[in-house]
Amino acid sequence: MIESKVDFASLSLFPATRVQIEESWRRTWPQWGGTLRRVLAPRDDPTTLDFMCSCLVAYPSSTTSEPNSVHEVTCYAIASVFTPPSKRGRGYASHMMRLLHWVIASRANLPKFPEAWGAPPDQVTEASEGLFSCLYSDALGVKKGGWETRGAVSTIWDVGAEEGDDDGWTWLTQEQLNGLWDRDAVRINNELANMLTSDASYEVKHPAAFVTYLPTNGVCGFHIPRSTYASNVSMAGGFWGIQSLNDPGTYAGWSVDLKPPPPTLIITRLCASEETFPGLIAKITQAARRSGIGKVEVWKLREGLRDVAERTGGRTVIRNEHLPQIVWYGPGATGNIEWAYNEK
């Protein structure tokens with residue numbers, strides 16, 4: 001049954017109670033199986049289980065690079081935006097996303113709160129002072145809430161029957177990848193410090209700043225349990241990454257996307273040169289084949305590697321789903337910010 005629309009001014013954003021979190025699990029499990037932490041609910045009944053929609057807010061490690069300065073900053077990742085079918089088509093999810101800015105960003109960097117929305121949501125100690133936030137949306141209209149789409153590009157390989165030996169490579173378990181991500185974060189910060197101020201490959205012609213999530217603190221790691229939770233997915237040998245023994249700066253990690261079927265091996269972090277990339281992608285497709293997976297995909301492969309990917313059988317396409325979106329809360333406009341290392 002479709003319900004009548006409720007006036008936005010009578011709604012606000014609240015930290016989800018334990019009971020509301022459990023209700024969110026019940027609502028979303030048939031489609032996602034996710035966990036949620038914020039709810040859009042009536043102001044006069046903020047703990048109700050009959051809330052309008054909900055979302056998960058995560059706090060990953062991140063870095064921003066401006067001229068002569070690289071430093072870690074506070075940022076947020078928004079996921080699992082969900083509206084129950086009976087409440088869809090009323091604009092609740094879009095309104096929740098607009099309210100989120102007043103929870104996760106410094107209000108000194110925000111415009112005046114619209115009177116038509118009532119009072120702003122309460123700020124909470126565990127979420128505030130964010131410099132930017134990102135989400136991966138299947139809704140093109142999210143930009144109305146301030147987010148801008150960046151780099152919705154995928155490169156895809158069909159897995160063939162070729163098989164090779166493992167000489168010169170080491171397969172990595174989930175635990176072994178954690179140490180790699182620590183070293184990878186150092187590498188990313190060093191590379192950001194030396195980023196060109198302008199490059200034809202950038203989506204922003206002359207970026208005022210570069211931003212990125214770091215792979216540590218679960219940013220890369222959470223994709224693996226997300227793949228395996230409540231499913232029978234497993235990788236051959238229990239391996240979720242690989243690294244070159246001859247060139248330790250060549251490596252990759254991955255997860256598995258189950259929907260839509262059939263499963264796809266999704267590369268969540270990749271580091272390689274034009275020379276080492278063909279060997280690396282050959283090993284990744286080998287891992288997929290050994291695990292019974294027929295497709296490999298990576299997001300936002302840098303331009304220098306796209307040409308090499310084409311020669312190795314990859315095809316690059318523009319996605320119309322899982323759109324990477326970003327909003328900047330610092331000085332200047334979101335349109336002046338370059339999102340680096342936007343791989344997954």
# chains A, B, ... in the order shown; residues from 1 in each chain; ligands from 1
$ residues_around --residues "range 192-205 of chain A" --least-positions-apart "2" --cutoff "12 Å" --atoms "only C-alpha atoms" --output "compact mmCIF listing (two decimals) with all heavy atoms, in the first residue's frame"
# COMPACT_ATOMS: atom_id res chain seq x y z
N SER A 62 40.93 9.44 5.07
CA SER A 62 40.99 10.12 3.79
C SER A 62 42.10 11.15 3.81
O SER A 62 42.60 11.56 4.86
CB SER A 62 39.66 10.81 3.47
OG SER A 62 39.36 11.77 4.48
N THR A 63 42.47 11.57 2.61
CA THR A 63 43.55 12.54 2.44
C THR A 63 43.10 13.61 1.46
O THR A 63 42.38 13.34 0.49
CB THR A 63 44.82 11.85 1.90
OG1 THR A 63 45.32 10.97 2.90
CG2 THR A 63 45.90 12.86 1.56
N THR A 64 43.53 14.83 1.70
CA THR A 64 43.34 15.89 0.74
C THR A 64 44.69 16.50 0.41
O THR A 64 45.58 16.59 1.26
CB THR A 64 42.38 16.99 1.26
OG1 THR A 64 42.24 18.01 0.26
CG2 THR A 64 42.91 17.62 2.52
N SER A 65 44.86 16.87 -0.84
CA SER A 65 46.11 17.46 -1.31
C SER A 65 45.81 18.80 -1.95
O SER A 65 45.01 18.88 -2.89
CB SER A 65 46.80 16.53 -2.32
OG SER A 65 47.90 17.17 -2.92
N GLU A 66 46.41 19.84 -1.42
CA GLU A 66 46.34 21.17 -1.99
C GLU A 66 47.78 21.61 -2.27
O GLU A 66 48.72 20.93 -1.88
CB GLU A 66 45.66 22.12 -1.00
CG GLU A 66 44.24 21.68 -0.66
CD GLU A 66 43.65 22.46 0.50
OE1 GLU A 66 43.08 23.52 0.24
OE2 GLU A 66 43.78 21.99 1.63
N PRO A 67 47.98 22.70 -2.99
CA PRO A 67 49.35 23.12 -3.29
C PRO A 67 50.24 23.16 -2.04
O PRO A 67 49.90 23.80 -1.05
CB PRO A 67 49.16 24.52 -3.90
CG PRO A 67 47.80 24.46 -4.52
CD PRO A 67 46.99 23.59 -3.61
N ASN A 68 51.32 22.38 -2.08
CA ASN A 68 52.32 22.35 -1.00
C ASN A 68 51.80 21.77 0.31
O ASN A 68 52.36 22.02 1.37
CB ASN A 68 52.88 23.76 -0.74
CG ASN A 68 53.47 24.38 -1.99
OD1 ASN A 68 54.20 23.73 -2.73
ND2 ASN A 68 53.12 25.63 -2.23
N SER A 69 50.70 20.99 0.26
CA SER A 69 50.14 20.48 1.51
C SER A 69 49.37 19.19 1.26
O SER A 69 48.46 19.15 0.42
CB SER A 69 49.20 21.52 2.13
OG SER A 69 48.55 21.00 3.27
N VAL A 70 49.73 18.12 1.98
CA VAL A 70 48.99 16.86 1.98
C VAL A 70 48.69 16.50 3.42
O VAL A 70 49.60 16.45 4.25
CB VAL A 70 49.79 15.73 1.31
CG1 VAL A 70 49.04 14.41 1.44
CG2 VAL A 70 50.06 16.03 -0.15
N HIS A 71 47.43 16.28 3.75
CA HIS A 71 47.10 15.97 5.13
C HIS A 71 45.83 15.13 5.21
O HIS A 71 44.97 15.21 4.32
CB HIS A 71 46.94 17.24 5.97
CG HIS A 71 46.05 18.26 5.34
ND1 HIS A 71 46.48 19.17 4.41
CD2 HIS A 71 44.73 18.52 5.52
CE1 HIS A 71 45.49 19.95 4.02
NE2 HIS A 71 44.42 19.59 4.69
N GLU A 72 45.73 14.33 6.25
CA GLU A 72 44.52 13.54 6.47
C GLU A 72 43.41 14.44 7.00
O GLU A 72 43.66 15.35 7.79
CB GLU A 72 44.80 12.38 7.44
CG GLU A 72 45.73 11.32 6.84
CD GLU A 72 45.71 10.02 7.62
OE1 GLU A 72 44.72 9.77 8.34
OE2 GLU A 72 46.69 9.26 7.49
N GLU A 148 27.95 15.47 -6.88
CA GLU A 148 28.23 15.51 -8.31
C GLU A 148 28.88 14.20 -8.74
O GLU A 148 29.76 13.68 -8.06
CB GLU A 148 29.16 16.68 -8.64
CG GLU A 148 28.55 18.04 -8.34
CD GLU A 148 29.45 19.19 -8.76
OE1 GLU A 148 30.49 18.93 -9.43
OE2 GLU A 148 29.13 20.35 -8.44
N THR A 149 28.44 13.68 -9.87
CA THR A 149 28.96 12.41 -10.38
C THR A 149 30.34 12.58 -10.96
O THR A 149 30.60 13.53 -11.71
CB THR A 149 28.01 11.84 -11.44
OG1 THR A 149 26.71 11.63 -10.86
CG2 THR A 149 28.53 10.53 -12.00
N ARG A 150 31.24 11.64 -10.63
CA ARG A 150 32.61 11.66 -11.14
C ARG A 150 33.05 10.25 -11.55
O ARG A 150 32.91 9.31 -10.78
CB ARG A 150 33.59 12.16 -10.07
CG ARG A 150 33.33 13.56 -9.58
CD ARG A 150 33.66 14.59 -10.66
NE ARG A 150 33.32 15.92 -10.21
CZ ARG A 150 34.09 16.66 -9.43
NH1 ARG A 150 35.25 16.18 -9.01
NH2 ARG A 150 33.71 17.86 -9.05
N GLY A 151 33.59 10.13 -12.75
CA GLY A 151 34.29 8.92 -13.15
C GLY A 151 33.48 7.65 -13.13
O GLY A 151 33.95 6.62 -12.65
N ALA A 152 32.26 7.67 -13.68
CA ALA A 152 31.44 6.46 -13.73
C ALA A 152 31.87 5.61 -14.93
O ALA A 152 31.13 5.41 -15.89
CB ALA A 152 29.97 6.82 -13.83
N VAL A 153 33.09 5.11 -14.86
CA VAL A 153 33.71 4.38 -15.97
C VAL A 153 34.16 3.01 -15.49
O VAL A 153 34.77 2.88 -14.43
CB VAL A 153 34.93 5.16 -16.52
CG1 VAL A 153 35.59 4.39 -17.65
CG2 VAL A 153 34.51 6.55 -16.98
N ALA A 185 48.75 3.14 1.59
CA ALA A 185 48.34 4.47 2.04
C ALA A 185 49.52 5.43 2.02
O ALA A 185 49.39 6.60 1.64
CB ALA A 185 47.74 4.39 3.44
N VAL A 186 50.70 4.95 2.44
CA VAL A 186 51.90 5.78 2.39
C VAL A 186 52.22 6.14 0.94
O VAL A 186 52.55 7.29 0.63
CB VAL A 186 53.09 5.04 3.04
CG1 VAL A 186 54.39 5.84 2.86
CG2 VAL A 186 52.82 4.80 4.52
N ARG A 187 52.10 5.18 0.06
CA ARG A 187 52.37 5.42 -1.36
C ARG A 187 51.42 6.48 -1.93
O ARG A 187 51.84 7.39 -2.65
CB ARG A 187 52.23 4.11 -2.13
CG ARG A 187 52.49 4.24 -3.63
CD ARG A 187 52.12 2.96 -4.38
NE ARG A 187 52.48 3.07 -5.79
CZ ARG A 187 53.36 2.29 -6.39
NH1 ARG A 187 53.97 1.34 -5.72
NH2 ARG A 187 53.62 2.46 -7.67
N ILE A 188 50.13 6.35 -1.61
CA ILE A 188 49.14 7.31 -2.12
C ILE A 188 49.47 8.72 -1.65
O ILE A 188 49.42 9.68 -2.43
CB ILE A 188 47.73 6.88 -1.69
CG1 ILE A 188 47.29 5.65 -2.48
CG2 ILE A 188 46.73 8.02 -1.88
CD1 ILE A 188 45.98 5.05 -2.02
N ASN A 189 49.78 8.88 -0.37
CA ASN A 189 50.12 10.21 0.15
C ASN A 189 51.34 10.78 -0.55
O ASN A 189 51.39 11.99 -0.85
CB ASN A 189 50.34 10.13 1.66
CG ASN A 189 49.05 10.09 2.44
OD1 ASN A 189 48.03 10.61 2.00
ND2 ASN A 189 49.07 9.45 3.59
N ASN A 190 52.34 9.94 -0.80
CA ASN A 190 53.53 10.41 -1.50
C ASN A 190 53.21 10.84 -2.93
O ASN A 190 53.73 11.85 -3.43
CB ASN A 190 54.61 9.33 -1.50
CG ASN A 190 55.21 9.10 -0.12
OD1 ASN A 190 55.16 9.97 0.74
ND2 ASN A 190 55.77 7.91 0.10
N PRO A 207 42.43 21.59 -10.83
CA PRO A 207 41.86 21.31 -9.50
C PRO A 207 42.40 22.24 -8.42
O PRO A 207 43.60 22.54 -8.38
CB PRO A 207 42.30 19.87 -9.22
CG PRO A 207 42.67 19.30 -10.56
CD PRO A 207 43.19 20.44 -11.36
N ALA A 208 41.50 22.70 -7.55
CA ALA A 208 41.93 23.46 -6.37
C ALA A 208 42.47 22.52 -5.31
O ALA A 208 43.27 22.92 -4.47
CB ALA A 208 40.76 24.26 -5.82
N ALA A 209 42.03 21.25 -5.35
CA ALA A 209 42.49 20.24 -4.39
C ALA A 209 42.18 18.86 -4.94
O ALA A 209 41.28 18.69 -5.77
CB ALA A 209 41.83 20.43 -3.02
N PHE A 210 42.95 17.87 -4.47
CA PHE A 210 42.68 16.46 -4.75
C PHE A 210 42.19 15.82 -3.45
O PHE A 210 42.72 16.11 -2.38
CB PHE A 210 43.94 15.73 -5.22
CG PHE A 210 44.53 16.26 -6.50
CD1 PHE A 210 45.43 17.33 -6.49
CD2 PHE A 210 44.19 15.68 -7.71
CE1 PHE A 210 45.97 17.80 -7.66
CE2 PHE A 210 44.74 16.15 -8.90
CZ PHE A 210 45.63 17.22 -8.87
N VAL A 211 41.22 14.93 -3.57
CA VAL A 211 40.77 14.20 -2.39
C VAL A 211 40.72 12.71 -2.71
O VAL A 211 40.54 12.32 -3.87
CB VAL A 211 39.38 14.66 -1.91
CG1 VAL A 211 39.38 16.14 -1.55
CG2 VAL A 211 38.31 14.38 -2.96
N THR A 212 40.87 11.89 -1.69
CA THR A 212 40.75 10.45 -1.87
C THR A 212 40.52 9.77 -0.53
O THR A 212 40.91 10.30 0.52
CB THR A 212 42.02 9.85 -2.53
OG1 THR A 212 41.76 8.49 -2.87
CG2 THR A 212 43.22 9.91 -1.60
N TYR A 213 39.87 8.62 -0.57
CA TYR A 213 39.87 7.73 0.58
C TYR A 213 41.18 6.97 0.60
O TYR A 213 41.73 6.62 -0.46
CB TYR A 213 38.73 6.72 0.49
CG TYR A 213 37.34 7.28 0.58
CD1 TYR A 213 36.36 6.89 -0.32
CD2 TYR A 213 37.01 8.19 1.56
CE1 TYR A 213 35.07 7.39 -0.24
CE2 TYR A 213 35.73 8.70 1.66
CZ TYR A 213 34.76 8.30 0.75
OH TYR A 213 33.49 8.80 0.84
N LEU A 214 41.68 6.67 1.78
CA LEU A 214 42.83 5.78 1.91
C LEU A 214 42.32 4.34 2.05
O LEU A 214 41.21 4.12 2.55
CB LEU A 214 43.67 6.18 3.11
CG LEU A 214 44.34 7.56 3.02
CD1 LEU A 214 45.07 7.89 4.31
CD2 LEU A 214 45.30 7.63 1.83
N LYS A 300 37.27 3.21 -13.00
CA LYS A 300 38.11 4.40 -13.14
C LYS A 300 39.59 4.04 -13.32
O LYS A 300 40.48 4.59 -12.67
CB LYS A 300 37.92 5.34 -11.95
CG LYS A 300 38.42 6.77 -12.15
CD LYS A 300 37.69 7.48 -13.27
CE LYS A 300 37.92 8.97 -13.25
NZ LYS A 300 39.29 9.39 -13.31
N LEU A 301 39.86 3.11 -14.23
CA LEU A 301 41.24 2.79 -14.57
C LEU A 301 41.88 4.02 -15.19
O LEU A 301 41.31 4.66 -16.06
CB LEU A 301 41.26 1.63 -15.56
CG LEU A 301 42.59 0.95 -15.84
CD1 LEU A 301 43.11 0.25 -14.59
CD2 LEU A 301 42.42 -0.07 -16.98
N ARG A 302 43.08 4.36 -14.76
CA ARG A 302 43.70 5.58 -15.27
C ARG A 302 43.98 5.44 -16.76
O ARG A 302 44.17 4.34 -17.29
CB ARG A 302 44.96 5.92 -14.49
CG ARG A 302 46.12 4.95 -14.61
CD ARG A 302 47.32 5.48 -13.82
NE ARG A 302 48.42 4.54 -13.78
CZ ARG A 302 49.35 4.45 -14.71
NH1 ARG A 302 49.30 5.23 -15.79
NH2 ARG A 302 50.34 3.57 -14.59
N GLU A 303 44.02 6.59 -17.44
CA GLU A 303 44.05 6.60 -18.90
C GLU A 303 45.23 5.82 -19.47
O GLU A 303 45.10 5.12 -20.46
CB GLU A 303 44.06 8.04 -19.42
CG GLU A 303 42.70 8.71 -19.34
CD GLU A 303 42.62 9.93 -20.24
OE1 GLU A 303 43.62 10.22 -20.94
OE2 GLU A 303 41.57 10.57 -20.25
N GLY A 304 46.40 5.93 -18.85
CA GLY A 304 47.57 5.24 -19.37
C GLY A 304 47.40 3.74 -19.42
O GLY A 304 48.02 3.06 -20.26
N LEU A 305 46.55 3.21 -18.52
CA LEU A 305 46.33 1.77 -18.49
C LEU A 305 45.15 1.33 -19.34
O LEU A 305 45.03 0.14 -19.66
CB LEU A 305 46.12 1.29 -17.05
CG LEU A 305 47.31 1.47 -16.09
CD1 LEU A 305 46.98 0.90 -14.72
CD2 LEU A 305 48.57 0.79 -16.65
N ARG A 306 44.27 2.26 -19.72
CA ARG A 306 43.12 1.88 -20.52
C ARG A 306 43.55 1.37 -21.89
O ARG A 306 42.97 0.41 -22.42
CB ARG A 306 42.15 3.06 -20.67
CG ARG A 306 41.41 3.40 -19.40
CD ARG A 306 40.40 4.49 -19.65
NE ARG A 306 39.98 5.10 -18.39
CZ ARG A 306 39.19 6.16 -18.29
NH1 ARG A 306 38.73 6.73 -19.41
NH2 ARG A 306 38.86 6.66 -17.11
N ALA A 333 34.09 25.44 -4.72
CA ALA A 333 32.98 24.61 -5.18
C ALA A 333 33.41 23.17 -5.40
O ALA A 333 34.58 22.88 -5.68
CB ALA A 333 32.43 25.19 -6.49
N THR A 334 32.45 22.26 -5.31
CA THR A 334 32.72 20.85 -5.59
C THR A 334 33.28 20.66 -6.99
O THR A 334 34.13 19.79 -7.23
CB THR A 334 31.43 20.02 -5.43
OG1 THR A 334 30.93 20.17 -4.09
CG2 THR A 334 31.67 18.55 -5.71
N GLY A 335 32.82 21.49 -7.92
CA GLY A 335 33.28 21.38 -9.31
C GLY A 335 34.76 21.66 -9.50
O GLY A 335 35.31 21.40 -10.58
N ASN A 336 35.44 22.18 -8.47
CA ASN A 336 36.88 22.46 -8.55
C ASN A 336 37.73 21.39 -7.89
O ASN A 336 38.94 21.55 -7.77
CB ASN A 336 37.18 23.81 -7.90
CG ASN A 336 36.53 24.97 -8.64
OD1 ASN A 336 36.37 24.93 -9.85
ND2 ASN A 336 36.11 25.99 -7.89
N ILE A 337 37.11 20.29 -7.45
CA ILE A 337 37.81 19.26 -6.70
C ILE A 337 37.97 18.00 -7.55
O ILE A 337 37.01 17.53 -8.17
CB ILE A 337 37.05 18.91 -5.40
CG1 ILE A 337 36.82 20.18 -4.57
CG2 ILE A 337 37.79 17.86 -4.61
CD1 ILE A 337 38.08 20.92 -4.19
N GLU A 338 39.18 17.45 -7.58
CA GLU A 338 39.47 16.20 -8.31
C GLU A 338 39.47 15.03 -7.34
O GLU A 338 40.20 15.03 -6.34
CB GLU A 338 40.83 16.30 -9.01
CG GLU A 338 41.22 15.08 -9.82
CD GLU A 338 40.48 14.97 -11.15
OE1 GLU A 338 39.79 15.93 -11.53
OE2 GLU A 338 40.59 13.90 -11.79
N TRP A 339 38.67 14.02 -7.63
CA TRP A 339 38.60 12.80 -6.82
C TRP A 339 39.63 11.82 -7.38
O TRP A 339 39.44 11.26 -8.46
CB TRP A 339 37.20 12.24 -6.87
CG TRP A 339 36.94 11.04 -5.99
CD1 TRP A 339 37.85 10.34 -5.27
CD2 TRP A 339 35.67 10.42 -5.77
NE1 TRP A 339 37.23 9.31 -4.61
CE2 TRP A 339 35.89 9.34 -4.89
CE3 TRP A 339 34.38 10.68 -6.23
CZ2 TRP A 339 34.86 8.50 -4.48
CZ3 TRP A 339 33.36 9.85 -5.81
CH2 TRP A 339 33.59 8.78 -4.94
N ALA A 340 40.70 11.59 -6.65
CA ALA A 340 41.78 10.70 -7.11
C ALA A 340 41.57 9.28 -6.57
O ALA A 340 40.88 9.08 -5.56
CB ALA A 340 43.13 11.24 -6.64
N TYR A 341 42.15 8.31 -7.25
CA TYR A 341 42.11 6.89 -6.84
C TYR A 341 40.68 6.42 -6.61
O TYR A 341 40.38 5.69 -5.67
CB TYR A 341 42.95 6.68 -5.57
CG TYR A 341 44.38 7.14 -5.71
CD1 TYR A 341 44.77 8.39 -5.21
CD2 TYR A 341 45.34 6.38 -6.35
CE1 TYR A 341 46.07 8.83 -5.34
CE2 TYR A 341 46.64 6.80 -6.50
CZ TYR A 341 47.00 8.04 -5.98
OH TYR A 341 48.29 8.49 -6.12
N ASN A 342 39.81 6.81 -7.49
CA ASN A 342 38.39 6.46 -7.38
C ASN A 342 38.16 5.12 -8.07
O ASN A 342 37.56 5.05 -9.13
CB ASN A 342 37.55 7.57 -8.01
CG ASN A 342 36.06 7.25 -8.01
OD1 ASN A 342 35.62 6.37 -7.29
ND2 ASN A 342 35.31 7.94 -8.82
$ residues_around --residues "range 97-99 of chain A" --least-positions-apart "2" --cutoff "8 Å" --atoms "only C-alpha atoms" --output "list of chain:residue names"
A:Ser12, A:Leu13, A:Ala93, A:Ser94, A:His95, A:His101, A:Trp102, A:Val103, A:Pro120, A:Pro121, A:Val142, A:Gly145, A:Gly146
$ closest_atom_pairs --of "range 145-214 of chain A" --to "range 236-258 of chain A" --cutoff "10 Å" --atoms "only C-alpha atoms" --output "tab-separated table"
residue	atom	partner	partner_atom	distance
A:Asp166	CA	A:Ser244	CA	9.9
A:Asp167	CA	A:Leu245	CA	8.7
A:Gly168	CA	A:Leu245	CA	5.1
A:Trp169	CA	A:Ser244	CA	4.6
A:Thr170	CA	A:Gln243	CA	5.5
A:Trp171	CA	A:Ile242	CA	4.5
A:Leu172	CA	A:Gly241	CA	4.8
A:Thr173	CA	A:Phe239	CA	4.6
A:Gln174	CA	A:Trp240	CA	6.0
A:Glu175	CA	A:Trp240	CA	9.5
A:Gln176	CA	A:Gly241	CA	8.7
A:Leu177	CA	A:Gly241	CA	6.9
A:Leu180	CA	A:Tyr251	CA	9.0
A:Trp181	CA	A:Gly253	CA	9.5
A:Arg183	CA	A:Gly249	CA	9.9
A:Asp184	CA	A:Gly249	CA	9.0
A:Arg187	CA	A:Gly249	CA	9.3
$ select_by_dssp --residues "range 32-102 of chain A" --states "helix (DSSP H, G or I)" --output "list of chain:residue names"
A:Pro85, A:Ser86, A:Lys87, A:Tyr92, A:Ala93, A:Ser94, A:His95, A:Met96, A:Met97, A:Arg98, A:Leu99, A:Leu100, A:His101, A:Trp102
$ select_by_dssp --residues "range 21-264 of chain A" --states "strand (DSSP E or B)" --output "PyMOL selection string"
chain A and resi 38-42+53-58+61-66+69-82+105+124+127+130+132-137+148-149+153-158+169-172+209-213+241-244+251-257+264
$ atom_distance --atom1 "CA of Gly292 in chain A" --atom2 "CA of Glu343 in chain A"
23.4 Å
$ closest_residue --among "A:Gly279, A:Gly294, A:Pro85, A:Gly118" --to "Thr264 in chain A" --atoms "only C-alpha atoms"
A:Gly294
$ closest_residue --among "A:Val19, A:Ile281, A:Ala9, A:Cys271" --to "Asp158 in chain A" --atoms "only C-alpha atoms"
A:Ile281
$ closest_residue --among "A:Thr48, A:Ser291, A:Thr74, A:Gln325" --to "Val233 in chain A" --atoms "only C-alpha atoms"
A:Ser291
$ closest_residue --among "A:Asp122, A:Cys75, A:Asp7, A:Phe277" --to "Pro46 in chain A" --atoms "only C-alpha atoms"
A:Asp122
$ closest_residue --among "A:Val296, A:Ile156, A:Ala108, A:Met96" --to "Phe8 in chain A" --atoms "only C-alpha atoms"
A:Met96
